[in-house]
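A.B. asks: Before we start, here is the structure in question, set down as structure tokens.
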Amino acid sequence: MNQYFKNTWLGIYTVLVGMKITFKHLFTPAVTIQYPEVKLKLPERERNRLYVNMDDCIGCDQCSRACPVNCIEIETVKSITGEDLGTTSNGKKKALWVTKFNIDFAKCCYCQLCVFPCPTDCIYMTDVFEFSEYDRNNLVYKFATLTEEEASEKKLNFEKFTAEKEAQKAEAAAKQKDEQKPAS
Amino acid sequence: MKSAEEIFDILKKKFGDAVLSLDKDTPVEQIISIDPLKINLISKYLRENPELQFDSLMCLSGVDDANGIKVKDAEGNEIIEGGTLSVYYNLHSVSLKHKITLKVSTPRNDPQIESLEKIWKSANWHEREAFDLIGIKFLNHPDLRRILMPYDWDEFTEEISRHPLRKDYKNPEFYQGMKVPY
Amino acid sequence: MALKTEHMVLNMGPQHPSTHGVLRLELEIEGELVNKVTPHLGYLHRCFEKHAEAMQYNQVVPYTDRLDYLASIGNNFGYALAVEKLMGIQVPERVEYIRVIMAELQRIASHLVAIGSNGADIGALTPFLYLFRDREHILSIIEETCGARMLYNYIWIGGLSHDIHPDFVRKTKEFVNYFKPTIVELDNLLSFNKIFIERTANIGILPVDTAINFGASGPTLRGSGIKFDLRRDDPYSIYDRFDFEIPVGKGLMGTVGDCWDRYNVRIREMEQSLRIIEQAVDNIPEGDVQSAIPKRIKPPKGTVYKRVENPRGELGYFIISDGTVNPFRVKVRAPSFVNLEVLGELCKGNLVADIIAILGSIDIVLGEVDR
Amino acid sequence: MYQYFYDLTGNTIIATLIVAVFPLVNVLLVALIGVYLERKVSAWIQDRIGPNRTGPLGLFQTVADFLKMLQKEDATSTEIDSKLYNIAPVLVFTGSFAAYAAIPFSSKLIGSEADVGIFYVLAISSLVVGGILMAGWASNNKYSMLGAMRSAAQIISYEIPTAIIVLSIVMFTGTLSLDKISDMQTASFWNWNIFGGAELGLTKFLMIPFMFIGFLIIFISTLAEVNRTPFDIPEAESELVAGYFTEYCGMKWAMFMLSEYGNMFAVSAIVSILFFGGYHSPIGYLGNSIGVEWLIPFEQAFWFLAKGWFFILVQMWLRWTLPRLRVDQLMSLCWKYLIPYAFVNLIIIGIISLL
């Protein structure tokens, strides 16, 4: 019987306590913000969309190898002698034409593992987080600065160059053979 | 508190040949190898012996040892023949606070291990998982169904893509008409 | 004469408001009384273990984030400890302190979701939102340091991805001071509410021996009244330096091991986490957080099983290394996976509404159950 | 009321229309504002902002929702019992709407001045149970079925404490007419039934605590009758997805919502009539003091709506504070707590009113 009245009392009392708390909150200002109009200031270390500064990229492929989901695709062509690619901002000499530097943000898991191994700090995460697309293909970002023609030209150049080199080598080898033959 | 050596000695004295060896080579864990068909007896002893009191099974992991010979089958897929599949049991005693790792190995072509479901209830789902992903059959398990993969995975896939955690697993092309590698 | 009724099979989930993800429960019910519960898993199976075999050791870390996505730091922590044990790495003091503080902050954040969603399942939606408001504070503290809100990839093998933000210590202290009164408010609003007590006390009682036999861990085990916490019973990192208590279920509102006890253990655990943070945050030594990160992670051949106390219980990583850069086998002993197994035992003979309360009090995360 | 408007307009059709349309407009307005307020109140309680996109302060949110609902495809399962399925929402709405016939909005604004008004309201609101059962059964969905069964059990059980408290008020006032009950509590808030009625004396003061208990009981049980939290187990979204209207969509679903909010206002109105003076002002009328006779009915309507809305707000406040009861606890609350208390209260009020 005692329990019965105790239950009744507790039932009413705890409900009133709860109501008091929610009543207090009725007049506290909202903690939420109106997202598209008001935006939070993101911290500087924010990890969102990757950006590649192609001026600094030396095409070393380290970011691509560090990526656990293989979302970075890099294709490079060796430069031929006589071409000057310039240097990166921290003084490294570039030796590769980066003909393709694609990042598929549909696959990216924003783990930042690609950022650390970069020797020139050219790949980094920005605070851009609004980049939704209707077509998944639009999420493949192409960072390479060379146009397609340029890229194919570079490839062609390189092929020509290697072919020439090969020919030279073959010639030299043939010469060597020729020289060696009489000796033996 | 008992060290792995002491536990091994106790078990060796009691069970003789069913306890195979104590592997001390690994840098961090000491593993007692056990006969797969005697594991239930030994586990029961481990749990009920007042000196040992292994009252909880922390983890049960099925492993494809991939120690067989790699051969090509008729369709050119690389499969592993021979060798063993293993199961590691990590036991722990809540009251005495000691740990031990048991290992059983079973031939790959007919993997059979006694179930521990009667001894530790937590073995139930872990064994189902090992059955699902590695393909080890647990004898006397009350409910040996797939747990993580779809129940009808077998019906729609070939032999080689039955058990995903085997080292020679190959993704099936289609499952129920859906393309698997997207 | 007993009234014979027809059995009905009720399919709860995978799309259901309170199965906490894509869990499917097959309930065999008689009226509203549940006779049997069969959980069906695998709707969120993402092949973590298969993926890990194809990854290098450091590349697995972002994948571990996605196991228990409400307590990612804990997952990173366990994995890093396991590989460090395998390789014999001693991490600097500063790293240990930061790891512990982060893990405890994460524990609070995770418990907030657990408590809130347990309340929301029972119908109290308001405390749920209050707790999420508080969780935001923790997330933004962590975000400032490592740049992400949920999937941190923060604790690396041998170190941390970033040193703490200059504001970290101040903000953590602010949070501790802010959070203490809100626990009291939560207690008044939800924990000691008569209706909530009625719904959770004496429901889903889990006796100690059953809990141990089922391998339950974390608050699910401690709710049954046994003081077992890996932070104290199998100390890892630097937890043995801190003074904290292990709250256990005492049957305050009903029987020991009921839903209310499990719920209450979580709240009291948050208070203890605050204590650990308070002790740790003032004593962070100076140093470099990345000095112990190996250049090339290639552990020797071997087997390791390392377990940590995650918010949901014992998270164990069983790693076999074959001496290459890729792990040979990674098995995760996920606390939710093991705890969920108890559900079938707890739900027998309860009402449909109790299933929700019990499931909420076990607190599963499907990312971890299905891996 | 009809006579009043007939005198006013001199046209039978217009008079009939006004009489018929006014409660409907009221129900629609209650639903429209109620849904909006529910969202806003929940947002304020939860430290959020709430709807604010459609119109200033989001005022047109429900209008937009209503328009969306109208355009929605009426998707139905093939396995339903389509006759019952289609009738159910109408029946539920009829049940809640018909109760308005006997509710006096002001001394001149009553659909029907029935002498058995309160009895009629209690009876007609039971129609809702039929509709809900129909909806649950016809949906051919296990969740709907469970929800409907819970709802039926709940509504029928909670009619008993409601009826007992109504009985005690009827015993106290000596009439079944809602209009007369309201009229007895005129002049000042001190004359309200919750403060022991208009008659001064010892009995009035003895009555106050028991009237207060009676008010609590009837408030709780009417809360349960309209399926509001903490008694919303028929639609318990975390257990039964949406209970008996899981399978409904579009306008039919809107009918359930409409009737829910209609019911909320109806029970608030009943509570305010029985205990809080109905349409009477707590402080006297402006129309009396400045001598404008025709203003009084409008003032009365204002007070009545204000009281109704006050109780709706309290219901919302409760909803966003409390967890939900379980189905057996709901029954035990009714049969083990409310009904015994209500009976004891009835006897005591009876004895006091004999004094």
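Naming works like this for the structure tokens: A, B, ... for the chains as they're shown, residue 1 at the start of each chain, ligands 1 onward in shown order.
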Compute the set of chain A residues within 12 Å of chain D, using only C-alpha atoms, and express it as number ranges by chain.
C.D. replies: A: 1, 4-9, 11-12, 14-37
A.B. asks: Go ahead and dump the residues you just picked, N, CA and C atoms, as a compact mmCIF listing (two decimals), in the first residue's frame.
C.D. replies:
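As written to disk, again.txt reads:
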# COMPACT_ATOMS: atom_id res chain seq x y z
N MET A 1 0.83 -1.21 0.00
CA MET A 1 0.00 0.00 0.00
C MET A 1 0.87 1.26 0.00
N TYR A 4 2.26 1.82 -3.24
CA TYR A 4 1.25 2.34 -4.16
C TYR A 4 1.24 3.87 -4.14
N PHE A 5 1.20 4.44 -2.95
CA PHE A 5 1.17 5.91 -2.87
C PHE A 5 2.50 6.50 -3.27
N LYS A 6 3.57 5.74 -2.95
CA LYS A 6 4.88 6.23 -3.34
C LYS A 6 4.99 6.31 -4.86
N ASN A 7 4.50 5.27 -5.51
CA ASN A 7 4.51 5.27 -6.98
C ASN A 7 3.74 6.46 -7.53
N THR A 8 2.54 6.68 -6.95
CA THR A 8 1.73 7.79 -7.43
C THR A 8 2.48 9.10 -7.28
N TRP A 9 3.07 9.26 -6.08
CA TRP A 9 3.79 10.51 -5.81
C TRP A 9 4.97 10.68 -6.76
N GLY A 11 5.44 9.29 -9.61
CA GLY A 11 4.94 9.51 -10.97
C GLY A 11 4.67 10.97 -11.23
N ILE A 12 3.96 11.61 -10.31
CA ILE A 12 3.62 13.01 -10.51
C ILE A 12 4.84 13.90 -10.35
N THR A 14 8.19 13.31 -10.55
CA THR A 14 9.26 13.28 -11.55
C THR A 14 8.80 13.89 -12.87
N VAL A 15 7.51 13.74 -13.15
CA VAL A 15 6.99 14.37 -14.36
C VAL A 15 7.10 15.89 -14.23
N LEU A 16 6.77 16.39 -13.04
CA LEU A 16 6.84 17.84 -12.84
C LEU A 16 8.29 18.32 -12.92
N VAL A 17 9.22 17.53 -12.37
CA VAL A 17 10.63 17.92 -12.46
C VAL A 17 11.06 18.01 -13.91
N GLY A 18 10.68 16.98 -14.68
CA GLY A 18 11.01 17.00 -16.10
C GLY A 18 10.40 18.19 -16.80
N MET A 19 9.15 18.49 -16.46
CA MET A 19 8.48 19.61 -17.12
C MET A 19 9.17 20.92 -16.78
N LYS A 20 9.68 21.00 -15.56
CA LYS A 20 10.37 22.23 -15.17
C LYS A 20 11.61 22.41 -16.05
N ILE A 21 12.33 21.32 -16.26
CA ILE A 21 13.55 21.43 -17.06
C ILE A 21 13.21 21.83 -18.49
N THR A 22 12.21 21.17 -19.07
CA THR A 22 11.91 21.52 -20.46
C THR A 22 11.34 22.93 -20.56
N PHE A 23 10.65 23.35 -19.51
CA PHE A 23 10.12 24.72 -19.53
C PHE A 23 11.26 25.73 -19.56
N LYS A 24 12.30 25.42 -18.80
CA LYS A 24 13.46 26.31 -18.80
C LYS A 24 14.07 26.38 -20.20
N HIS A 25 14.10 25.23 -20.84
CA HIS A 25 14.71 25.21 -22.18
C HIS A 25 13.84 25.90 -23.22
N LEU A 26 12.57 26.04 -22.91
CA LEU A 26 11.67 26.74 -23.84
C LEU A 26 12.20 28.14 -24.13
N PHE A 27 12.91 28.71 -23.17
CA PHE A 27 13.34 30.11 -23.32
C PHE A 27 14.83 30.26 -23.52
N THR A 28 15.55 29.12 -23.60
CA THR A 28 16.97 29.26 -23.93
C THR A 28 17.08 29.41 -25.44
N PRO A 29 17.99 30.24 -25.88
CA PRO A 29 18.12 30.42 -27.33
C PRO A 29 18.59 29.15 -28.02
N ALA A 30 18.26 29.07 -29.29
CA ALA A 30 18.59 27.86 -30.04
C ALA A 30 20.09 27.72 -30.20
N VAL A 31 20.55 26.48 -30.19
CA VAL A 31 21.98 26.25 -30.39
C VAL A 31 22.29 25.92 -31.84
N THR A 32 21.24 25.68 -32.62
CA THR A 32 21.48 25.34 -34.02
C THR A 32 21.61 26.62 -34.84
N ILE A 33 22.17 26.46 -36.03
CA ILE A 33 22.27 27.62 -36.91
C ILE A 33 21.55 27.28 -38.21
N GLN A 34 21.29 28.32 -38.99
CA GLN A 34 20.62 28.09 -40.26
C GLN A 34 21.67 27.87 -41.32
N TYR A 35 21.86 26.59 -41.70
CA TYR A 35 23.08 26.26 -42.40
C TYR A 35 23.39 27.06 -43.69
N PRO A 36 22.58 27.06 -44.70
CA PRO A 36 23.15 27.70 -45.90
C PRO A 36 23.42 29.19 -45.71
N GLU A 37 22.63 29.83 -44.84
CA GLU A 37 22.83 31.27 -44.63
C GLU A 37 23.97 31.53 -43.66
A.B. asks: Within 9 Å of Leu295 in chain D, counting only C-alpha atoms, which residues qualify if same-chain residues fewer than 6 places away don't, as a ChimeraX atom specification?
C.D. replies: /D:285-288
A.B. asks: Give me, as a ChimeraX atom specification, all polymer residues having an atom no more than 12 Å from Ser126 in chain D, counting only C-alpha atoms and skipping those fewer than 5 positions away in the same chain.
C.D. replies: /D:91-99,119-121,131-133,151-160,225-226,263
A.B. asks: Take the residues just selected and output them with N, CA, C and O atoms as a short mmCIF file (atom, residue, chain, number, x, y, z; two decimals), in the first residue's frame.
C.D. replies:
data_model
loop_
_atom_site.label_atom_id
_atom_site.label_comp_id
_atom_site.auth_asym_id
_atom_site.auth_seq_id
_atom_site.Cartn_x
_atom_site.Cartn_y
_atom_site.Cartn_z
N LEU D 91 -14.10 7.74 -40.95
CA LEU D 91 -14.80 7.42 -39.71
C LEU D 91 -14.09 8.05 -38.52
O LEU D 91 -14.71 8.62 -37.63
N VAL D 92 -12.76 7.95 -38.56
CA VAL D 92 -11.99 8.53 -37.45
C VAL D 92 -12.22 10.03 -37.40
O VAL D 92 -12.45 10.60 -36.34
N PHE D 93 -12.22 10.65 -38.56
CA PHE D 93 -12.42 12.10 -38.58
C PHE D 93 -13.82 12.45 -38.14
O PHE D 93 -14.03 13.40 -37.38
N THR D 94 -14.80 11.67 -38.61
CA THR D 94 -16.18 11.92 -38.20
C THR D 94 -16.30 11.88 -36.69
O THR D 94 -16.94 12.73 -36.07
N GLY D 95 -15.68 10.84 -36.11
CA GLY D 95 -15.77 10.69 -34.66
C GLY D 95 -15.27 11.90 -33.94
O GLY D 95 -15.90 12.39 -33.00
N SER D 96 -14.12 12.41 -34.40
CA SER D 96 -13.57 13.54 -33.64
C SER D 96 -14.31 14.83 -33.98
O SER D 96 -14.46 15.70 -33.14
N PHE D 97 -14.81 14.92 -35.20
CA PHE D 97 -15.47 16.15 -35.61
C PHE D 97 -16.86 16.26 -35.01
O PHE D 97 -17.31 17.34 -34.61
N ALA D 98 -17.55 15.12 -34.92
CA ALA D 98 -18.92 15.14 -34.43
C ALA D 98 -19.01 15.63 -32.99
O ALA D 98 -20.01 16.19 -32.58
N ALA D 99 -17.89 15.42 -32.25
CA ALA D 99 -17.92 15.86 -30.86
C ALA D 99 -18.11 17.36 -30.76
O ALA D 99 -18.64 17.86 -29.76
N PHE D 119 -22.70 13.64 -22.33
CA PHE D 119 -22.96 12.22 -22.62
C PHE D 119 -22.76 11.95 -24.11
O PHE D 119 -22.13 10.97 -24.50
N TYR D 120 -23.27 12.87 -24.90
CA TYR D 120 -23.13 12.74 -26.35
C TYR D 120 -21.66 12.77 -26.75
O TYR D 120 -21.20 11.96 -27.56
N VAL D 121 -20.91 13.66 -26.18
CA VAL D 121 -19.49 13.77 -26.54
C VAL D 121 -18.76 12.48 -26.20
O VAL D 121 -17.99 11.94 -26.99
N GLY D 131 -12.98 3.29 -36.16
CA GLY D 131 -12.17 3.70 -37.32
C GLY D 131 -10.74 3.19 -37.22
O GLY D 131 -10.18 2.69 -38.19
N ILE D 132 -10.19 3.32 -36.03
CA ILE D 132 -8.78 2.91 -35.86
C ILE D 132 -8.65 1.41 -36.05
O ILE D 132 -7.73 0.93 -36.72
N LEU D 133 -9.59 0.66 -35.48
CA LEU D 133 -9.55 -0.80 -35.65
C LEU D 133 -9.65 -1.16 -37.13
O LEU D 133 -8.94 -2.03 -37.62
N SER D 151 -4.58 0.55 -29.52
CA SER D 151 -5.39 1.75 -29.46
C SER D 151 -6.77 1.46 -28.93
O SER D 151 -7.30 2.17 -28.07
N ALA D 152 -7.36 0.39 -29.44
CA ALA D 152 -8.71 0.06 -29.00
C ALA D 152 -8.73 -0.20 -27.50
O ALA D 152 -9.56 0.35 -26.76
N ALA D 153 -7.77 -1.02 -27.05
CA ALA D 153 -7.73 -1.33 -25.63
C ALA D 153 -7.55 -0.05 -24.82
O ALA D 153 -8.21 0.16 -23.80
N GLN D 154 -6.69 0.81 -25.31
CA GLN D 154 -6.37 2.03 -24.58
C GLN D 154 -7.56 2.96 -24.49
O GLN D 154 -7.94 3.41 -23.40
N ILE D 155 -8.19 3.23 -25.62
CA ILE D 155 -9.27 4.21 -25.62
C ILE D 155 -10.44 3.72 -24.79
O ILE D 155 -11.02 4.46 -23.99
N ILE D 156 -10.74 2.43 -24.93
CA ILE D 156 -11.89 1.91 -24.18
C ILE D 156 -11.60 1.96 -22.68
O ILE D 156 -12.45 2.35 -21.88
N SER D 157 -10.35 1.58 -22.30
CA SER D 157 -10.04 1.59 -20.87
C SER D 157 -10.11 2.99 -20.30
O SER D 157 -10.64 3.19 -19.21
N TYR D 158 -9.57 3.94 -21.04
CA TYR D 158 -9.47 5.28 -20.46
C TYR D 158 -10.79 6.04 -20.49
O TYR D 158 -10.89 7.10 -19.90
N GLU D 159 -11.79 5.47 -21.16
CA GLU D 159 -13.10 6.13 -21.08
C GLU D 159 -13.65 6.03 -19.67
O GLU D 159 -14.43 6.88 -19.24
N ILE D 160 -13.23 4.99 -18.95
CA ILE D 160 -13.83 4.77 -17.63
C ILE D 160 -13.44 5.87 -16.64
O ILE D 160 -14.32 6.51 -16.07
N GLU D 225 -6.73 9.19 -24.27
CA GLU D 225 -7.77 8.93 -25.27
C GLU D 225 -7.43 9.51 -26.63
O GLU D 225 -7.89 9.01 -27.65
N VAL D 226 -6.63 10.55 -26.64
CA VAL D 226 -6.26 11.11 -27.94
C VAL D 226 -4.88 10.65 -28.38
O VAL D 226 -4.31 11.21 -29.30
N ASN D 263 -9.16 16.14 -32.12
CA ASN D 263 -9.42 15.50 -30.83
C ASN D 263 -8.72 16.21 -29.71
O ASN D 263 -9.27 16.37 -28.62
#
A.B. asks: Among range 285-325 of chain D, which residues carry a DSSP assignment of alpha helix (DSSP H), reported as a ChimeraX atom specification?
C.D. replies: /D:286-290,295-319
A.B. asks: Give me the residues near range 26-43 of chain B as a PyMOL selection string, where near means some atom within 8 Å (using only C-alpha atoms) and where sequence neighbours in that chain fewer than 4 positions away do not count.
C.D. replies: (chain B and resi 4+8+11+15+18-22+47+100-106+112-116+119) or (chain C and resi 85-86+301-305)
A.B. asks: Kindly provide the residues of range 55-94 of chain A that approach range 102-121 of chain A to within 9 Å, each paired with its closest atom pair and their distance in Å to one decimal, based on only C-alpha atoms, listed by chain and increasing number, as a tab-separated table.
C.D. replies:
residue	atom	partner	partner_atom	distance
A:Asp56	CA	A:Thr120	CA	6.3
A:Cys57	CA	A:Thr120	CA	6.9
A:Ile58	CA	A:Thr120	CA	7.8
A:Cys60	CA	A:Cys118	CA	8.3
A:Asp61	CA	A:Cys118	CA	8.8
A:Gln62	CA	A:Pro117	CA	6.3
A:Cys63	CA	A:Cys114	CA	4.2
A:Ser64	CA	A:Cys114	CA	6.9
A:Arg65	CA	A:Cys114	CA	8.0
A:Ala66	CA	A:Cys114	CA	5.4
A:Cys67	CA	A:Cys114	CA	5.7
A:Pro68	CA	A:Leu113	CA	8.0
A:Val69	CA	A:Lys107	CA	6.7
A:Asn70	CA	A:Lys107	CA	7.9
A:Cys71	CA	A:Asp104	CA	5.1
A:Ile72	CA	A:Ile103	CA	4.5
A:Glu73	CA	A:Asn102	CA	5.0
A:Ile74	CA	A:Asn102	CA	6.5
A:Glu75	CA	A:Asn102	CA	9.0
A:Thr88	CA	A:Thr120	CA	7.3
A:Ser89	CA	A:Thr120	CA	7.8
A:Asn90	CA	A:Thr120	CA	6.7
A:Gly91	CA	A:Thr120	CA	8.9
A:Lys92	CA	A:Thr120	CA	7.8
A.B. asks: Please, which residues of range 58-262 of chain C, numbered as in this document, come out strand (DSSP E or B) from DSSP, as an MDAnalysis selection string?
C.D. replies: chainID C and resid 155:156 159:160
